[in-house]
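my_file34.txt follows (compact mmCIF, C-alpha atoms and all ligand atoms):
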```
# COMPACT_ATOMS: atom_id res chain seq x y z
CA MET A 1 12.40 30.10 2.58
CA ALA A 2 13.78 27.64 0.02
CA TYR A 3 11.44 25.39 -1.93
CA ILE A 4 12.26 21.71 -1.26
CA PRO A 5 10.97 19.57 -4.19
CA GLY A 6 8.98 16.61 -2.89
CA LEU A 7 9.44 18.00 0.67
CA LYS A 8 12.53 15.75 0.71
CA GLY A 9 14.12 15.74 4.18
CA ILE A 10 11.35 17.85 5.73
CA VAL A 11 9.98 16.47 9.00
CA ALA A 12 6.24 17.01 8.65
CA ALA A 13 4.89 15.20 11.74
CA GLU A 14 5.78 13.71 15.10
CA THR A 15 4.55 10.16 15.44
CA ARG A 16 4.81 7.15 17.71
CA LEU A 17 3.43 4.86 15.03
CA SER A 18 6.52 3.96 13.02
CA SER A 19 10.15 4.85 12.57
CA VAL A 20 11.93 4.46 9.24
CA ASP A 21 15.73 4.63 9.12
CA GLY A 22 16.67 4.78 5.46
CA GLU A 23 20.40 4.47 6.03
CA ALA A 24 20.27 1.54 8.48
CA GLY A 25 17.43 -0.20 6.58
CA GLU A 26 15.39 -0.34 9.77
CA LEU A 27 11.64 -0.17 10.29
CA VAL A 28 10.09 -0.05 13.77
CA ILE A 29 6.31 -0.34 14.16
CA ALA A 30 5.02 1.28 17.35
CA GLY A 31 8.15 0.26 19.23
CA TYR A 32 8.61 -3.21 17.68
CA PRO A 33 11.21 -4.00 15.00
CA LEU A 34 9.40 -5.18 11.88
CA GLU A 35 11.23 -8.54 11.93
CA GLU A 36 9.98 -9.11 15.50
CA LEU A 37 6.36 -8.34 14.75
CA ALA A 38 5.44 -9.15 11.16
CA GLY A 39 5.57 -12.94 11.18
CA GLN A 40 4.34 -13.45 14.76
CA ALA A 41 1.33 -11.19 15.17
CA THR A 42 -2.06 -11.30 13.55
CA PHE A 43 -3.18 -8.21 11.69
CA GLU A 44 -5.72 -7.51 14.43
CA GLU A 45 -2.93 -7.40 17.05
CA VAL A 46 -0.95 -4.91 14.99
CA ALA A 47 -3.98 -2.71 14.28
CA TYR A 48 -4.72 -2.73 18.02
CA LEU A 49 -1.09 -1.84 18.76
CA LEU A 50 -1.20 1.12 16.37
CA TRP A 51 -4.45 2.50 17.77
CA HIS A 52 -3.86 1.78 21.46
CA HIS A 53 -0.05 1.98 21.69
CA ALA A 54 0.28 -1.45 23.35
CA LEU A 55 -0.20 -5.05 22.26
CA PRO A 56 -3.58 -6.37 23.40
CA THR A 57 -4.08 -8.84 26.23
CA PRO A 58 -5.97 -12.04 25.23
CA ALA A 59 -9.27 -10.53 26.43
CA GLN A 60 -8.66 -7.25 24.64
CA LEU A 61 -7.72 -9.06 21.43
CA ALA A 62 -10.82 -11.27 21.58
CA ALA A 63 -13.06 -8.22 22.03
CA PHE A 64 -11.28 -6.23 19.29
CA THR A 65 -11.39 -9.15 16.83
CA SER A 66 -15.07 -9.71 17.47
CA ASP A 67 -15.89 -5.97 17.20
CA LEU A 68 -14.07 -5.81 13.87
CA ALA A 69 -15.80 -8.94 12.57
CA LYS A 70 -19.20 -7.37 13.34
CA CYS A 71 -18.38 -4.45 11.01
CA ARG A 72 -17.53 -6.50 7.91
CA SER A 73 -20.86 -6.55 6.08
CA LEU A 74 -21.48 -3.91 3.45
CA PRO A 75 -24.69 -1.88 3.30
CA LYS A 76 -27.06 -3.02 0.51
CA SER A 77 -26.54 0.31 -1.26
CA THR A 78 -22.76 -0.29 -1.36
CA LEU A 79 -23.27 -3.75 -2.83
CA ARG A 80 -25.58 -2.27 -5.50
CA LEU A 81 -22.94 0.33 -6.28
CA LEU A 82 -20.28 -2.37 -6.61
CA LYS A 83 -22.54 -4.26 -9.03
CA ASP A 84 -22.87 -1.12 -11.17
CA ALA A 85 -19.11 -0.56 -10.89
CA SER A 86 -18.17 -4.14 -11.72
CA LYS A 87 -16.30 -3.09 -14.88
CA LEU A 88 -14.22 -0.45 -13.06
CA PRO A 89 -10.63 -1.10 -11.94
CA ALA A 90 -10.50 -2.42 -8.37
CA MET A 91 -9.07 0.71 -6.75
CA ASP A 92 -11.75 2.91 -8.33
CA ALA A 93 -14.47 0.56 -7.13
CA LEU A 94 -12.91 0.51 -3.66
CA ARG A 95 -12.94 4.31 -3.54
CA LEU A 96 -16.62 4.38 -4.50
CA SER A 97 -17.56 1.76 -1.95
CA VAL A 98 -15.68 3.40 0.93
CA ALA A 99 -17.42 6.69 0.14
CA SER A 100 -20.78 4.93 0.38
CA LEU A 101 -20.34 3.15 3.74
CA ASN A 102 -22.72 4.03 6.56
CA LEU A 103 -20.44 5.97 8.88
CA ASN A 104 -21.62 8.18 11.68
CA GLY A 105 -18.66 10.45 12.43
CA ASP A 106 -17.75 8.62 15.66
CA ASP A 107 -14.02 7.90 15.26
CA ALA A 108 -13.96 4.58 17.14
CA THR A 109 -16.84 3.01 15.19
CA ASP A 110 -15.80 4.51 11.87
CA ALA A 111 -12.22 3.24 12.34
CA ARG A 112 -13.43 -0.33 12.90
CA THR A 113 -15.89 -0.16 10.01
CA LEU A 114 -13.29 1.17 7.59
CA VAL A 115 -10.76 -1.55 8.44
CA ALA A 116 -13.37 -4.33 8.50
CA ALA A 117 -15.28 -3.34 5.35
CA LEU A 118 -12.36 -2.79 2.98
CA PRO A 119 -11.66 -6.51 2.40
CA THR A 120 -15.38 -7.18 1.94
CA ALA A 121 -15.62 -4.46 -0.72
CA VAL A 122 -12.48 -5.63 -2.54
CA ALA A 123 -13.59 -9.28 -2.53
CA ALA A 124 -17.19 -8.48 -3.54
CA HIS A 125 -16.03 -6.33 -6.44
CA TRP A 126 -13.53 -8.95 -7.53
CA ARG A 127 -16.19 -11.64 -7.68
CA LEU A 128 -18.75 -9.41 -9.40
CA ARG A 129 -16.14 -8.45 -11.97
CA HIS A 130 -15.66 -12.13 -12.73
CA GLY A 131 -19.37 -12.89 -12.95
CA GLN A 132 -19.62 -14.48 -9.50
CA LYS A 133 -21.85 -13.66 -6.53
CA PRO A 134 -20.17 -11.94 -3.57
CA ILE A 135 -19.58 -14.17 -0.55
CA ALA A 136 -20.78 -12.97 2.85
CA PRO A 137 -18.04 -12.55 5.47
CA ALA A 138 -17.43 -15.49 7.84
CA PRO A 139 -17.61 -14.17 11.42
CA ASP A 140 -15.54 -17.04 12.84
CA LEU A 141 -12.51 -16.39 10.62
CA ASP A 142 -9.91 -13.77 11.45
CA HIS A 143 -9.39 -10.72 9.28
CA ALA A 144 -6.78 -12.21 6.91
CA ALA A 145 -8.46 -15.62 6.62
CA ASN A 146 -11.83 -14.03 6.00
CA TYR A 147 -10.45 -11.91 3.13
CA LEU A 148 -9.07 -15.01 1.38
CA TYR A 149 -12.33 -16.84 2.08
CA MET A 150 -14.47 -14.05 0.59
CA LEU A 151 -12.34 -14.10 -2.58
CA THR A 152 -12.50 -17.84 -3.19
CA GLY A 153 -15.26 -19.36 -1.06
CA ASN A 154 -12.71 -21.76 0.45
CA THR A 155 -11.42 -21.65 4.01
CA PRO A 156 -7.70 -20.98 3.48
CA ASP A 157 -5.01 -23.19 5.00
CA PRO A 158 -3.03 -21.79 7.96
CA ALA A 159 0.14 -21.23 5.86
CA ARG A 160 -1.74 -18.88 3.54
CA VAL A 161 -3.33 -17.03 6.44
CA HIS A 162 0.04 -16.68 8.13
CA ALA A 163 1.59 -15.32 4.91
CA LEU A 164 -1.19 -12.79 4.45
CA ASN A 165 -0.94 -11.67 8.09
CA THR A 166 2.81 -11.24 7.56
CA TYR A 167 2.18 -9.15 4.47
CA LEU A 168 -0.50 -6.95 6.06
CA ASN A 169 1.69 -6.36 9.12
CA THR A 170 4.71 -5.56 6.97
CA ILE A 171 3.00 -2.79 5.05
CA VAL A 172 0.68 -1.51 7.80
CA ASP A 173 2.60 1.69 8.44
CA HIS A 174 5.66 3.41 7.08
CA GLY A 175 6.45 6.88 8.33
CA MET A 176 5.32 9.89 6.33
CA ASN A 177 4.68 8.14 3.01
CA ALA A 178 2.48 9.94 0.46
CA SER A 179 -0.83 8.30 1.38
CA THR A 180 -0.28 8.66 5.13
CA PHE A 181 0.69 12.29 4.70
CA THR A 182 -2.51 12.79 2.69
CA ALA A 183 -4.56 11.25 5.52
CA ARG A 184 -2.89 13.53 8.06
CA VAL A 185 -3.40 16.68 5.96
CA ILE A 186 -7.10 15.90 5.58
CA THR A 187 -7.50 15.13 9.28
CA SER A 188 -5.66 18.33 10.18
CA THR A 189 -8.65 20.29 8.82
CA ARG A 190 -10.80 18.41 11.41
CA ALA A 191 -12.47 16.46 8.61
CA ASP A 192 -13.82 12.94 9.28
CA LEU A 193 -11.96 9.63 9.09
CA VAL A 194 -13.68 8.51 5.91
CA SER A 195 -12.44 11.63 4.08
CA ALA A 196 -8.91 10.91 5.30
CA VAL A 197 -9.10 7.29 4.10
CA LEU A 198 -10.58 8.29 0.73
CA GLY A 199 -7.79 10.78 0.13
CA ALA A 200 -5.19 8.23 1.18
CA LEU A 201 -6.66 5.64 -1.20
CA GLY A 202 -6.26 8.11 -4.05
CA ALA A 203 -2.61 8.74 -3.14
CA LEU A 204 -1.86 5.03 -2.79
CA LYS A 205 -3.15 4.20 -6.25
CA GLY A 206 -0.30 5.79 -8.23
CA PRO A 207 2.51 3.67 -9.71
CA LEU A 208 5.19 5.49 -7.70
CA HIS A 209 3.51 4.38 -4.46
CA GLY A 210 1.11 1.44 -4.06
CA GLY A 211 0.60 0.83 -7.76
CA ALA A 212 4.05 -0.71 -8.32
CA PRO A 213 3.63 -4.46 -7.53
CA GLY A 214 1.28 -5.19 -10.46
CA PRO A 215 3.88 -3.91 -12.95
CA VAL A 216 6.57 -5.93 -11.09
CA LEU A 217 4.68 -9.14 -11.79
CA HIS A 218 4.06 -8.13 -15.41
CA MET A 219 7.80 -7.47 -15.75
CA LEU A 220 8.65 -10.96 -14.41
CA GLU A 221 6.06 -12.55 -16.68
CA ALA A 222 7.42 -10.65 -19.70
CA ILE A 223 11.01 -11.72 -18.91
CA ARG A 224 9.95 -15.40 -18.53
CA MET A 225 13.47 -16.86 -18.68
CA PRO A 226 16.62 -15.81 -16.79
CA GLU A 227 18.51 -15.36 -20.08
CA ASN A 228 16.04 -12.62 -21.15
CA ALA A 229 16.50 -10.53 -18.01
CA GLU A 230 19.45 -8.39 -18.99
CA SER A 231 18.24 -7.40 -22.46
CA TYR A 232 14.73 -6.69 -21.15
CA LEU A 233 15.92 -4.52 -18.27
CA ARG A 234 18.49 -2.72 -20.44
CA SER A 235 15.80 -1.86 -22.97
CA LYS A 236 13.73 -0.26 -20.19
CA LEU A 237 16.65 1.70 -18.81
CA ASP A 238 17.82 2.74 -22.30
CA THR A 239 14.44 4.38 -22.91
CA GLY A 240 14.52 6.14 -19.51
CA GLU A 241 11.89 3.91 -17.88
CA ARG A 242 12.03 3.11 -14.17
CA LEU A 243 12.32 -0.47 -13.00
CA MET A 244 9.35 -1.17 -10.79
CA GLY A 245 10.18 -2.57 -7.37
CA PHE A 246 13.48 -0.71 -7.09
CA GLY A 247 14.42 2.60 -5.50
CA HIS A 248 12.89 4.28 -2.51
CA ALA A 249 12.50 7.87 -1.36
CA ILE A 250 13.86 7.03 2.11
CA TYR A 251 15.73 3.69 1.97
CA LYS A 252 19.20 4.04 0.51
CA VAL A 253 19.91 0.38 1.42
CA ARG A 254 17.73 -2.68 0.91
CA ASP A 255 14.17 -2.13 2.14
CA PRO A 256 13.85 -4.30 5.32
CA ARG A 257 10.31 -5.18 4.27
CA ALA A 258 11.70 -6.88 1.12
CA ASP A 259 13.55 -9.43 3.29
CA VAL A 260 10.54 -10.22 5.47
CA LEU A 261 8.33 -10.70 2.42
CA SER A 262 10.89 -12.66 0.44
CA ARG A 263 11.15 -15.18 3.30
CA ALA A 264 7.35 -15.40 3.54
CA ALA A 265 7.04 -15.78 -0.25
CA GLU A 266 9.59 -18.57 -0.49
CA THR A 267 7.25 -21.06 1.20
CA PHE A 268 4.87 -20.85 -1.78
CA PHE A 269 7.57 -21.46 -4.33
CA ALA A 270 9.19 -24.52 -2.83
CA SER A 271 8.96 -26.86 -5.79
CA GLY A 272 8.49 -27.42 -9.52
CA SER A 273 7.53 -24.64 -11.90
CA ASN A 274 6.71 -22.41 -8.93
CA ARG A 275 10.28 -22.69 -7.72
CA ALA A 276 11.46 -21.69 -11.21
CA PHE A 277 9.39 -18.51 -10.99
CA TYR A 278 10.88 -17.64 -7.59
CA ASP A 279 14.40 -18.29 -8.88
CA LEU A 280 13.64 -16.12 -11.91
CA ALA A 281 12.65 -13.28 -9.57
CA LEU A 282 15.89 -13.65 -7.60
CA HIS A 283 17.86 -13.57 -10.84
CA VAL A 284 15.97 -10.52 -12.15
CA GLU A 285 16.60 -8.76 -8.85
CA ARG A 286 20.36 -9.42 -9.10
CA VAL A 287 20.54 -8.23 -12.71
CA ALA A 288 18.39 -5.16 -12.01
CA LEU A 289 20.57 -4.10 -9.08
CA HIS A 290 23.68 -4.51 -11.21
CA LEU A 291 22.20 -2.47 -14.08
CA LEU A 292 20.85 0.23 -11.79
CA SER A 293 24.31 0.81 -10.37
CA GLU A 294 25.63 0.99 -13.96
CA TYR A 295 22.92 3.33 -15.34
CA LYS A 296 22.34 5.38 -12.20
CA PRO A 297 25.65 5.41 -10.35
CA GLY A 298 25.55 6.98 -6.90
CA ARG A 299 21.72 6.99 -6.69
CA ARG A 300 21.78 4.01 -4.30
CA LEU A 301 18.80 2.21 -5.80
CA HIS A 302 17.89 -1.04 -4.02
CA THR A 303 15.03 -3.52 -3.97
CA ASN A 304 11.89 -2.09 -2.37
CA VAL A 305 8.89 -3.71 -0.71
CA GLU A 306 6.88 -3.91 -3.91
CA PHE A 307 9.19 -6.39 -5.60
CA TYR A 308 8.50 -9.11 -3.03
CA THR A 309 4.93 -7.98 -2.51
CA ALA A 310 4.33 -9.05 -6.09
CA LEU A 311 5.90 -12.42 -5.44
CA LEU A 312 4.13 -13.08 -2.15
CA LEU A 313 0.68 -12.04 -3.33
CA HIS A 314 1.14 -13.98 -6.56
CA GLY A 315 2.17 -16.99 -4.45
CA LEU A 316 -0.99 -16.55 -2.42
CA GLY A 317 -2.95 -16.89 -5.65
CA LEU A 318 -4.04 -13.26 -5.91
CA SER A 319 -4.31 -11.71 -9.35
CA SER A 320 -2.20 -8.60 -9.94
CA ASP A 321 -5.40 -6.47 -10.06
CA LEU A 322 -5.75 -7.22 -6.35
CA PHE A 323 -2.24 -6.15 -5.33
CA THR A 324 -2.88 -2.45 -4.70
CA PRO A 325 -6.29 -3.01 -3.04
CA THR A 326 -4.66 -5.62 -0.76
CA PHE A 327 -2.01 -3.06 0.13
CA ALA A 328 -4.85 -0.68 1.06
CA ILE A 329 -6.44 -3.41 3.24
CA GLY A 330 -3.29 -3.41 5.39
CA ARG A 331 -2.31 0.25 5.22
CA VAL A 332 -5.77 1.50 6.21
CA ALA A 333 -4.98 0.62 9.85
CA GLY A 334 -1.89 2.84 9.63
CA TRP A 335 -3.79 5.70 7.97
CA ILE A 336 -6.35 5.58 10.75
CA GLY A 337 -3.65 5.43 13.43
CA HIS A 338 -2.12 8.58 11.95
CA ALA A 339 -5.47 10.30 11.59
CA LEU A 340 -6.26 9.61 15.26
CA GLU A 341 -2.81 10.86 16.28
CA GLN A 342 -3.20 13.97 14.12
CA ARG A 343 -6.58 14.54 15.78
CA THR A 344 -4.93 14.76 19.21
CA GLN A 345 -2.28 17.16 17.90
CA ASP A 346 -5.02 19.30 16.31
CA ARG A 347 -2.76 21.43 14.15
CA LEU A 348 -3.70 22.50 10.63
CA ILE A 349 -1.05 21.38 8.12
CA ARG A 350 -0.59 24.32 5.81
CA PRO A 351 2.83 24.69 4.14
CA GLU A 352 3.70 27.57 1.84
CA SER A 353 4.40 27.72 -1.86
CA ALA A 354 6.96 29.69 -3.83
CA TYR A 355 5.19 31.67 -6.58
CA ASN A 356 7.03 31.39 -9.90
CA GLY A 357 4.57 33.26 -12.16
CA HIS A 358 4.52 36.94 -13.11
CA LYS A 359 2.63 39.70 -11.27
CA ASN A 360 1.93 42.37 -13.88
CA GLY A 361 -1.25 41.02 -15.52
CA ARG A 362 -3.69 43.59 -16.98
CA TRP A 363 -7.32 42.67 -17.70
CA VAL A 364 -8.11 42.21 -21.44
CA PRO A 365 -11.81 41.88 -22.43
CA LEU A 366 -12.59 38.46 -23.90
CA ALA A 367 -13.26 39.75 -27.43
CA ASP A 368 -9.87 41.46 -27.56
CA ARG A 369 -7.79 38.46 -26.50
CA ALA A 370 -5.45 37.05 -29.13
CA LEU A 371 -4.44 33.41 -29.07
CA ALA A 372 -1.41 33.07 -26.86
CA VAL A 373 1.56 31.83 -28.90
N1 LIG B 1 14.49 2.61 -12.00
C1 LIG B 1 15.35 3.43 -12.69
N2 LIG B 1 15.78 4.61 -12.24
C2 LIG B 1 15.33 5.00 -11.05
C3 LIG B 1 14.46 4.23 -10.26
C4 LIG B 1 14.04 2.98 -10.79
N3 LIG B 1 13.21 2.18 -10.12
N4 LIG B 1 14.17 4.88 -9.13
C5 LIG B 1 14.85 6.05 -9.17
N5 LIG B 1 15.54 6.12 -10.34
C6 LIG B 1 16.43 7.18 -10.77
C7 LIG B 1 15.67 8.41 -11.24
O1 LIG B 1 15.36 8.32 -12.63
C8 LIG B 1 16.64 9.50 -10.94
O2 LIG B 1 17.63 9.51 -11.93
P1 LIG B 1 18.37 10.89 -12.34
O3 LIG B 1 19.13 11.31 -11.12
O4 LIG B 1 19.23 10.48 -13.48
O5 LIG B 1 17.29 11.86 -12.70
C9 LIG B 1 17.30 9.02 -9.64
O6 LIG B 1 17.18 7.61 -9.65
C10 LIG B 1 16.61 9.57 -8.39
O7 LIG B 1 15.21 9.42 -8.56
P2 LIG B 1 14.11 10.16 -7.66
O8 LIG B 1 12.77 10.03 -8.32
O9 LIG B 1 14.60 11.53 -7.32
O10 LIG B 1 14.22 9.26 -6.41
P3 LIG B 1 13.19 9.13 -5.28
O11 LIG B 1 13.97 8.58 -4.17
O12 LIG B 1 12.43 10.36 -5.04
O13 LIG B 1 12.16 8.06 -5.90
C11 LIG B 1 10.69 6.27 -6.14
C12 LIG B 1 11.60 7.05 -5.19
C13 LIG B 1 9.56 7.17 -6.66
C14 LIG B 1 10.08 5.10 -5.38
C15 LIG B 1 11.52 5.73 -7.34
O14 LIG B 1 12.64 4.99 -6.89
C16 LIG B 1 10.72 4.93 -8.33
O15 LIG B 1 10.05 5.51 -9.19
N6 LIG B 1 10.73 3.54 -8.21
C17 LIG B 1 9.96 2.71 -9.09
C18 LIG B 1 8.52 2.63 -8.62
C19 LIG B 1 8.37 1.79 -7.34
O16 LIG B 1 8.93 0.71 -7.20
N7 LIG B 1 7.54 2.32 -6.42
C20 LIG B 1 7.26 1.70 -5.13
C21 LIG B 1 7.98 2.40 -4.04
S1 LIG B 1 7.72 1.61 -2.46
C22 LIG B 1 6.22 2.21 -1.91
O17 LIG B 1 5.77 3.25 -2.26
C23 LIG B 1 5.46 1.40 -0.98
```
Could you quickly redo this structure as structure tokens?
Amino acid sequence: MAYIPGLKGIVAAETRLSSVDGEAGELVIAGYPLEELAGQATFEEVAYLLWHHALPTPAQLAAFTSDLAKCRSLPKSTLRLLKDASKLPAMDALRLSVASLNLNGDDATDARTLVAALPTAVAAHWRLRHGQKPIAPAPDLDHAANYLYMLTGNTPDPARVHALNTYLNTIVDHGMNASTFTARVITSTRADLVSAVLGALGALKGPLHGGAPGPVLHMLEAIRMPENAESYLRSKLDTGERLMGFGHAIYKVRDPRADVLSRAAETFFASGSNRAFYDLALHVERVALHLLSEYKPGRRLHTNVEFYTALLLHGLGLSSDLFTPTFAIGRVAGWIGHALEQRTQDRLIRPESAYNGHKNGRWVPLADRALAV
């Protein structure tokens, strides 16, 4: 059997949760084209769709929303932990807090608690890190609105809530990406949901996956003016660096999520200096695409979701430290959907490896071992 680096092209699961067509630039979430769903549904509706394979009726949605809202508060021990971890980066603190939640091994309750508690943990840590007291969740606000409220203490306006719902829906699930695959591998051993989510959080954190949007914003801030874009991007490419927010393992055309998010982001950059920042991003995107085709001909590198994630979340007033945790707040519903699906398939995921070492080792007592050259 041939070794396939990165398992590229290997179909590792059957799923009804999402379909990604990298050549057509098409993403379907549980039967619904992304463009149909993302800007119309609330996050609760999409989470329900992923877990129950149908959009909820009004009564089902009301019950689901209220059940989720009841699971938002963190145990006192988790809050204490977050206080002690207030100097840690947000993703590390999130990992610690998820590991400390009171979960009982019942999938339905654990699933709700994991989705509901993530925003509370992120917001509490954020405030503690900035010397402020955490804000208790507001039971009457929906999931997205409550997250923004717990960060700032202000009830957000409907445009902001709509934009955040659009973002969370856009990134909620995406085929067999690294973090989702991690969640499925862990679940395939019949481990619990919290272990699957913890593993997925670790996989999401890296800059080649969910860690990219922070560096995208830093890149835009460093470029500052359209006339600096080309020299800045060339200097990165000349030293072999990757341009964050471009390229994708599956999409060989523009990531459809980039379009949905760019439209949602535009509303926050309608005027003044904000508009200048949005225009700068559009210019940087154009220059980057041109340079990528020059430096990496034939690799088909296009804008990915993280480029416009940075812009949208920045427009929403979130600091770049919150970008990856906010990604996790949306994707956790997808991880859980996959874990529940993997549970029903009940098949251990256990690929093989190709050994490339030698096989003729002979034991040498410690005292006789020379330093290997
Ligand atoms: N900038 C410059 N060169 C790039 C980029 C980039 N953003 N992406 C890929 N390349 C180059 C590679 O250096 C490689 O060049 P080579 O053939 O000369 O060696 C070639 O394109 C193919 O690269 P691979 O790593 O094999 O491509 P793959 O499709 O596996 O990579 C990945 C996908 C990891 C996302 C990559 O495009 C990348 O590192 N992008 C930047 C980070 C980023 O934006 N990540 C977010 C992805 S979206 C998400 O996870 C939600």
Margin query: Taking all atoms listed in the file into account, name the residue in A:Val194, A:Ala310, A:Leu141, A:Leu220 that is nearest to Gly105 (chain A).
Written below: A:Val194
Next item on the list: Return as a list in words every polymer residue, whether protein, DNA or RNA, with at least one atom no more than 6 Å from an atom of ligand LIG 1 (chain B); count all atoms listed in the file.
Entry: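 Selection of residues at most 6 Å from ligand LIG 1 (chain B): Leu208, His209, Gly210, Ala212, Arg242, Leu243, Met244, Gly245, Phe246, Gly247, His248, Ala249, Arg299, Asn304, Val305 and Glu306 of chain A.
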Do you have, as JSON lines, the list of residues of region 125-172 of chain A lying at most 12 Å from region 6-21 of chain A, each with its nearest atom pair and that distance in Å to one decimal, counting only C-alpha atoms and ordered by chain then number?
```
{"residue": "A:Thr170", "atom": "CA", "partner": "A:Ser18", "partner_atom": "CA", "distance": 11.4}
{"residue": "A:Ile171", "atom": "CA", "partner": "A:Ser18", "partner_atom": "CA", "distance": 11.0}
{"residue": "A:Val172", "atom": "CA", "partner": "A:Ser18", "partner_atom": "CA", "distance": 9.6}
```
Note to self: Using all atoms listed in the file, which protein or nucleic acid residues come within 8 Å of Pro256 (chain A)? Drop anything in the same chain fewer than 6 positions from it, and give the result as a PyMOL selection string.
What the structure shows: chain A and resi 25-27+34+305
Notebook entry, point to check: CA of Val260 (chain A) and CA of Arg234 (chain A), how far apart in Å?
Noted result: 28.1 Å
Note to self: For a quick check of understanding, using only C-alpha atoms, which of A:Ala178, A:Arg300, A:Tyr251, A:Asn169 has the smallest distance to Pro33 (chain A)?
What the structure shows: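 Ranking A:Ala178, A:Arg300, A:Tyr251, A:Asn169 by distance to Pro33 (chain A), first place goes to A:Asn169.
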Non-local contacts of region 311-321 of chain A (8 Å; all atoms listed in the file; under 5 positions in same chain excluded) as an mmCIF file with C-alpha atoms, in the frame of the given file:
```cif
data_model
loop_
_atom_site.group_PDB
_atom_site.id
_atom_site.type_symbol
_atom_site.label_atom_id
_atom_site.label_comp_id
_atom_site.auth_asym_id
_atom_site.auth_seq_id
_atom_site.Cartn_x
_atom_site.Cartn_y
_atom_site.Cartn_z
ATOM 1 C CA PRO A 89 -10.630 -1.100 -11.940
ATOM 2 C CA ALA A 90 -10.500 -2.420 -8.370
ATOM 3 C CA ARG A 160 -1.740 -18.880 3.540
ATOM 4 C CA ALA A 163 1.590 -15.320 4.910
ATOM 5 C CA LEU A 164 -1.190 -12.790 4.450
ATOM 6 C CA TYR A 167 2.180 -9.150 4.470
ATOM 7 C CA PRO A 213 3.630 -4.460 -7.530
ATOM 8 C CA GLY A 214 1.280 -5.190 -10.460
ATOM 9 C CA LEU A 217 4.680 -9.140 -11.790
ATOM 10 C CA LEU A 261 8.330 -10.700 2.420
ATOM 11 C CA SER A 262 10.890 -12.660 0.440
ATOM 12 C CA ALA A 264 7.350 -15.400 3.540
ATOM 13 C CA ALA A 265 7.040 -15.780 -0.250
ATOM 14 C CA GLU A 266 9.590 -18.570 -0.490
ATOM 15 C CA PHE A 268 4.870 -20.850 -1.780
ATOM 16 C CA PHE A 269 7.570 -21.460 -4.330
ATOM 17 C CA TYR A 278 10.880 -17.640 -7.590
ATOM 18 C CA ALA A 281 12.650 -13.280 -9.570
#
```
Margin query: Quick check, in Å to one decimal: how far apart do CA of Glu227 (chain A) and CA of Asp255 (chain A) lie?
Written below: 26.2 Å
Listing only residues of region 60-89 of chain A within 8 Å of region 109-121 of chain A, what is the closest atom pair and its distance in Å (to one decimal) for each, using only C-alpha atoms, sorted by chain and residue number ascending, as a Markdown table?
```
| residue | atom | partner | partner_atom | distance |
| --- | --- | --- | --- | --- |
| A:Asp67 | CA | A:Arg112 | CA | 7.5 |
| A:Leu68 | CA | A:Arg112 | CA | 5.6 |
| A:Ala69 | CA | A:Ala116 | CA | 6.6 |
| A:Cys71 | CA | A:Thr113 | CA | 5.1 |
| A:Arg72 | CA | A:Ala117 | CA | 4.6 |
| A:Ser73 | CA | A:Ala117 | CA | 6.5 |
| A:Leu74 | CA | A:Ala117 | CA | 6.5 |
| A:Leu79 | CA | A:Ala121 | CA | 8.0 |
| A:Leu82 | CA | A:Ala121 | CA | 7.8 |
```
Selected residues written out with C-alpha atoms, as a compact mmCIF listing (two decimals), in the coordinates of the input:
```txt
# COMPACT_ATOMS: atom_id res chain seq x y z
CA ASP A 67 -15.89 -5.97 17.20
CA LEU A 68 -14.07 -5.81 13.87
CA ALA A 69 -15.80 -8.94 12.57
CA CYS A 71 -18.38 -4.45 11.01
CA ARG A 72 -17.53 -6.50 7.91
CA SER A 73 -20.86 -6.55 6.08
CA LEU A 74 -21.48 -3.91 3.45
CA LEU A 79 -23.27 -3.75 -2.83
CA LEU A 82 -20.28 -2.37 -6.61
```
Next item on the list: Could you check which of A:Ile349, A:Phe181, A:Phe277, A:Gly202 is closest to Asp92 (chain A), using only C-alpha atoms?
Entry: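 Distance minimum relative to Asp92 (chain A) lands on A:Gly202.
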Notebook entry, point to check: Smallest atom-to-atom distance to Leu128 (chain A): which of A:Asp142, A:Asp192, A:Asp106, A:Asp84, using only C-alpha atoms?
Noted result: A:Asp84
Margin query: So, with all atoms listed in the file as the atoms that count, which of A:Ser195, A:Thr166, A:Asn154, A:Ser66 lies closest to Arg95 (chain A)?
Written below: A:Ser195
